[in-house]
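Chemist: Take a look at this one; I'll ask things after.
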Protein chains: 4
Amino acid sequence: MPRSTKAASDRRLEFINAAEALFNEKGFENTSVEDIVQRVGVAKGLFYYYFKSQEELLGAIVDKILDEMEQIVLQATNKEGLTAMQRLQEMSTSSDTIRARGGRLMKFFHEERNQALHLQLEVRTMKFLVPAMEAIIKQGVREGVFNTPYPKETALALFGIKGVIHHTNAGTDYCEDGERTIQIIAFLSERLLGAKEGTFLEFLREIKRHGVENGRGK
Amino acid sequence: MPRSTKAASDRRLEFINAAEALFNEKGFENTSVEDIVQRVGVAKGLFYYYFKSQEELLGAIVDKILDEMEQIVLQATNKEGLTAMQRLQEMSTSSDTIRARGGRLMKFFHEERNQALHLQLEVRTMKFLVPAMEAIIKQGVREGVFNTPYPKETALALFGIKGVIHHTNAGTDYCEDGERTIQIIAFLSERLLGAKEGTFLEFLREIKRHGVENGRGK
Amino acid sequence: MPRSTKAASDRRLEFINAAEALFNEKGFENTSVEDIVQRVGVAKGLFYYYFKSQEELLGAIVDKILDEMEQIVLQATNKEGLTAMQRLQEMSTSSDTIRARGGRLMKFFHEERNQALHLQLEVRTMKFLVPAMEAIIKQGVREGVFNTPYPKETALALFGIKGVIHHTNAGTDYCEDGERTIQIIAFLSERLLGAKEGTFLEFLREIKRHGVENGRGK
Amino acid sequence: MPRSTKAASDRRLEFINAAEALFNEKGFENTSVEDIVQRVGVAKGLFYYYFKSQEELLGAIVDKILDEMEQIVLQATNKEGLTAMQRLQEMSTSSDTIRARGGRLMKFFHEERNQALHLQLEVRTMKFLVPAMEAIIKQGVREGVFNTPYPKETALALFGIKGVIHHTNAGTDYCEDGERTIQIIAFLSERLLGAKEGTFLEFLREIKRHGVENGRGK
DNA sequence: CATGAATGAGTATTCATTCAT
DNA sequence: TATGAATGAATACTCATTCAT
């Protein structure tokens with residue numbers, strides 16, 4: 001006896017969102033279909049009305065996340081008339097947004113488990129993240145602010161550094177203050193990119209002053 | 001009816017080793033107590049004679065791995081009379097050894113799951129890995145081969161770069177050739193460490209020539 | 001929002017036909033209400049507008065099949081002015097038709113499951129099949145072509161023989177050629193009916209020659 | 001916490017027997033693992049300690065039944081120095097035993113469902129039943145008591161007749177008295193086998209008189 | 001008449017854990 | 001020490017049935 005009825009697409013989204021939240025909270029392996037339907041507040045059977053299996057749900061989430069990511073990144077980096085430094089800033093902001101969204105779920109996907117998912121995420125993420133960054137680096141080299149013979153690998157390396165530092169910071173004693181972290185990342189990035197020392201911080205200070213005009217419009 | 005009898009510590013180790021191997025082979029989630037006792041070749045009940053629960057076994061494995069890691073790293077970096085560059089080389093070799101040993105197991109630990117394990121590994125690993133590297137970097141700064149105001153974070157960053165590049169290489173189209181990978185990591189490391197360009201490769205070439213005397217004896 | 005509207009009886013029939021087809025295709029146990037409504041091309045709820053339950057549908061199908069069967073058999077055997085042999089021929093043709101129609105569904109009904117269905121089919125089938133055959137046998141005895149003190153049981157036996165032989169033929173090595181099978185069934189039937197050897201085949205040959213006039217008009 | 005412990009083979013048999021009984025009582029499709037363990041009086045998990053799956057249990061039952069059947073039939077028909085009539089009597093008794101044992105379970109197997117089971121039973125049963133009967137018929141032909149050009153099909157037909165008559169008798173109004181049924185089957189069998197009328201009943205009367213010496217010793 | 005979202009009891013299967021022997 | 005039969009809670013998934021719209 002149905003208590004209340006929703007539009008199909010709404011419910012599907014509710015499931016996806018509830019699942020994503022739960023995966024982030026307790027990890028994928030510890031989240032049962034029971035948990036999901038309980039959070040949505042519906043009967044178990046309804047889950048299978050919207051998804052053929054748990055696997056399908058997972059796929060749906062992956063697709064959703066990847067689409068959102070790519071959207072964010074492309075939107076940020078495709079703006080006309082930006083300098084390499086400005087694009088880098090956009091990139092940084094958007095990848096922070098992504099990181100926040102991903103949470104533990106990302107960590108799950110990083111396991112090998114089954115190659116399907118691993119490729120779906122690891123590869124698909126890097127497929128738009130690295131080239132975007134690579135393009136920015138190349139532009140910077142042309143503009144004379146960066147200098148490196150390995151733009152692609154430098155792109156990778158930048159993601160790597162941000163990764164460890166943020167990751168290690170979380171839950172440890174390395175977590176001092178965000179300000180210093182930013183400074184250090186800036187410093188290390190400059191070195192990797194072959195930029196003049198101070199370029200990044202100066203740029204950051206600048207967009208803080210009259211951010212709306214030059215830097216991020218938001 | 002007991003078939004044979006072993007000293008307690010032997011058996012316990014047998015369990016730990018079998019479990020570790022299985023975790024690496026099929027992943028933690030797919031390894032049951034049944035699998036473990038089968039590999040050891042004993043009955044199920046015996047497992048619970050040596051371990052209060054599966055969780056305890058996991059803890060034991062973590063301890064063992066961490067001990068081994070620390071052992072390897074300290075052994076390598078505490079040798080008397082080495083230059084920073086030589087120590088770095090030792091460090092690199094031993095962390096490769098660790099990486100090989102860890103396999104999928106490490107990936108499992110990198111999930112948060114429950115904070116206990118996460119702290120046990122992620123943090124405890126960095127707790128000896130980063131300081132060791134940090135010390136090397138500081139020594140390098142003193143020796144004039146490196147130059148950085150942030151030795152600790154540079155240490156972290158180095159691990160980060162190696163991580164992404166190796167990780168991304170696996171299973172993607174970025175997997176070109178190991179030689180080039182080494183070259184690039186060397187290049188990026190030099191920049192992060194503020195070393196003169198070419199220092200690393202030159203050093204590597206050198207230890208290839210008369211490796212036994214100066215560098216690693218192997 | 002109703003897409004189209006049909007007369008009640010039409011829809012009901014559509015359901016019955018779709019269900020019967022599906023039962024034959026995939027077996028009763030593997031056919032869900034979902035399958036049925038999908039084939040009819042309507043929503044799930046509509047099924048329960050026409051049938052109180054799946055059980056009721058089953059009953060409806062049984063009724064329909066039995067009615068059709070009886071119709072076929074009576075039509076065939078009640079023709080005026082036929083000899084016993086001619087009637088037997090009619091009977092044979094019509095029971096083959098029934099067999100074809102029944103398919104897997106019959107097999108389902110042959111299970112006991114619940115007595116209701118078992119009686120509904122097994123008994124109700126025999127209730128018109130056996131008497132019809134019995135009447136033919138008795139007529140044959142009067143006409144002097146058959147000779148048996150047990151017309152009813154001989155009727156039963158004839159169905160029995162056809163059953164095993166056809167059934168066993170399907171999917172086994174007993175499946176040689178249809179011609180021989182017919183010959184043998186004819187031979188055995190003659191014996192059971194106490195007919196002169198060769199009567200059947202001769203008759204069959206005859207109706208092949210000028211079938212339209214004497215034998216089955218079709 | 002285990003309440004009591006049994007030898008492995010005993011328990012396995014308990015499961016097989018309980019399952020067989022339940023299949024006979026309520027049909028295979030309506031018997032759940034839950035039902036089975038409840039009847040045995042143990043926890044659900046134990047079932048999977050002894051059987052990999054429900055399918056394996058089914059296989060075990062099929063094997064057991066077939067073995068028993070073959071055992072019974074071969075034991076009965078391989079005795080030295082019997083006449084065809086005596087062997088036929090043995091055969092009849094043993095196939096009655098089988099029929100009683102099989103019950104509804106047999107009916108389940110007779111469905112097609114999946115060919116695996118169908119072949120396992122239908123074919124495997126006939127593979128020893130028909131040849132045994134065929135041999136007897138041939139012996140009878142040699143001894144001059146039977147007369148038929150189609151021993152194999154006659155064998156089949158005999159099983160067919162017994163089948164319908166017994167099956168139809170069950171639960172219908174054809175169920176008059178066993179004595180008459182036997183008489184009729186005897187009569188029909190004589191005809192199929194080309195035996196002199198009365199042969200069978202005379203033989204039956206005889207073994208009733210001094211059964212122990214000539215006929216079945218039991 | 002018709003829709004389709006919602007229900008919930010039921011199914012097979014897994015597995016960490018216990019304990020009498 | 002060692003065994004292995006026994007437990008039972010948990011999991012993913014199915015499906016007949018209901019009912020607000």
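Ordered as shown in the structure tokens, chains take letters A, B, and onward, while each chain numbers its residues from 1 and ligands are numbered from 1 in the order shown.
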If you count only C-alpha atoms (C1' of nucleotides), which residues fall within 12 Å of region 84-92 of chain B, apart from same-chain ones fewer than 5 positions away, as an MDAnalysis selection string?

Modeler: chainID B and resid 69:79 97:99 128:146 155 158:159 162 182 185:186 189:190 193 195 199:204 206:208 211 213:218

Chemist: Output as a PyMOL selection string the set of chain F residues within 9 Å of chain B, with distances taken over only C-alpha atoms (C1' of nucleotides).

Modeler: chain F and resi 1-4

Chemist: Once you have the residues from the selection above, write them out as a PDB file, in the first residue's frame, restricted to N, CA and C atoms (P, O5', C5', C4', C3', O3' and C1' of nucleotides).

Modeler:
```pdb
ATOM      1  P    DT F   1      50.964 -24.251  22.396  1.00  0.00           P
ATOM      2  O5'  DT F   1      49.514 -24.039  22.003  1.00  0.00           O
ATOM      3  C5'  DT F   1      48.400 -24.969  22.236  1.00  0.00           C
ATOM      4  C4'  DT F   1      48.456 -26.145  21.289  1.00  0.00           C
ATOM      5  C3'  DT F   1      47.922 -25.858  19.894  1.00  0.00           C
ATOM      6  O3'  DT F   1      48.521 -26.784  18.978  1.00  0.00           O
ATOM      7  C1'  DT F   1      46.477 -27.341  21.029  1.00  0.00           C
ATOM      8  P    DA F   2      48.402 -26.623  17.383  1.00  0.00           P
ATOM      9  O5'  DA F   2      46.990 -27.287  17.158  1.00  0.00           O
ATOM     10  C5'  DA F   2      46.918 -28.711  17.131  1.00  0.00           C
ATOM     11  C4'  DA F   2      45.496 -29.155  16.851  1.00  0.00           C
ATOM     12  C3'  DA F   2      44.786 -28.433  15.697  1.00  0.00           C
ATOM     13  O3'  DA F   2      44.569 -29.404  14.677  1.00  0.00           O
ATOM     14  C1'  DA F   2      43.350 -28.747  17.563  1.00  0.00           C
ATOM     15  P    DT F   3      43.793 -28.992  13.304  1.00  0.00           P
ATOM     16  O5'  DT F   3      42.324 -29.477  13.625  1.00  0.00           O
ATOM     17  C5'  DT F   3      42.127 -30.839  14.003  1.00  0.00           C
ATOM     18  C4'  DT F   3      40.671 -31.078  14.293  1.00  0.00           C
ATOM     19  C3'  DT F   3      39.731 -30.564  13.202  1.00  0.00           C
ATOM     20  O3'  DT F   3      39.162 -31.676  12.553  1.00  0.00           O
ATOM     21  C1'  DT F   3      38.931 -30.042  15.396  1.00  0.00           C
ATOM     22  P    DG F   4      38.823 -31.626  10.979  1.00  0.00           P
ATOM     23  O5'  DG F   4      37.283 -31.250  11.087  1.00  0.00           O
ATOM     24  C5'  DG F   4      36.443 -32.039  11.928  1.00  0.00           C
ATOM     25  C4'  DG F   4      35.130 -31.317  12.151  1.00  0.00           C
ATOM     26  C3'  DG F   4      34.593 -30.561  10.925  1.00  0.00           C
ATOM     27  O3'  DG F   4      33.179 -30.538  11.002  1.00  0.00           O
ATOM     28  C1'  DG F   4      34.833 -29.081  12.657  1.00  0.00           C
TER      29       DG F   4
END
```

Chemist: Tell me, in Å to one decimal, how far CA of Tyr150 (chain B) is from CA of Met126 (chain B).

Modeler: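 A separation of 16.3 Å between them.
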
Chemist: Could you list, as a PDB file with C-alpha atoms (C1' of nucleotides), in the first residue's frame, the residues of chain E having an atom within 8 Å of chain D when counting only C-alpha atoms (C1' of nucleotides)?

Modeler:
```pdb
ATOM      1  C1'  DT E  11      14.518 -16.331  -1.014  1.00  0.00           C
ATOM      2  C1'  DA E  12      19.176 -18.068  -1.459  1.00  0.00           C
ATOM      3  C1'  DT E  13      23.518 -17.376   0.229  1.00  0.00           C
ATOM      4  C1'  DT E  18      31.278 -20.395  19.319  1.00  0.00           C
ATOM      5  C1'  DC E  19      32.095 -24.588  21.671  1.00  0.00           C
ATOM      6  C1'  DA E  20      31.726 -29.660  22.764  1.00  0.00           C
TER       7       DA E  20
END
```

Chemist: Considering only C-alpha atoms, give me a table of residues in chain B that are at most 6 Å from chain A, with the closest atom pair and distance in Å for each, as a tab-separated table.

Modeler:
```
residue	atom	partner	partner_atom	distance
B:Ala157	CA	A:Ile161	CA	4.8
B:Gly160	CA	A:Gly160	CA	4.8
B:Ile161	CA	A:Gly160	CA	4.9
B:Val164	CA	A:Gly160	CA	5.0
B:Arg191	CA	A:Arg191	CA	5.4
B:Leu192	CA	A:Arg191	CA	5.7
```

Chemist: Determine which residues of region 16-93 of chain C receive a DSSP assignment of helix (DSSP H, G or I), computed from the backbone, and state them as a ChimeraX atom specification.

Modeler: /C:16-26,33-40,44-50,54-77,84-93

Chemist: From the set C:Gln38, C:Asn17, C:Ser95, C:Thr83, which residue has the shortest atom-to-atom contact distance to Thr125 (chain C), counting only C-alpha atoms?

Modeler: C:Ser95
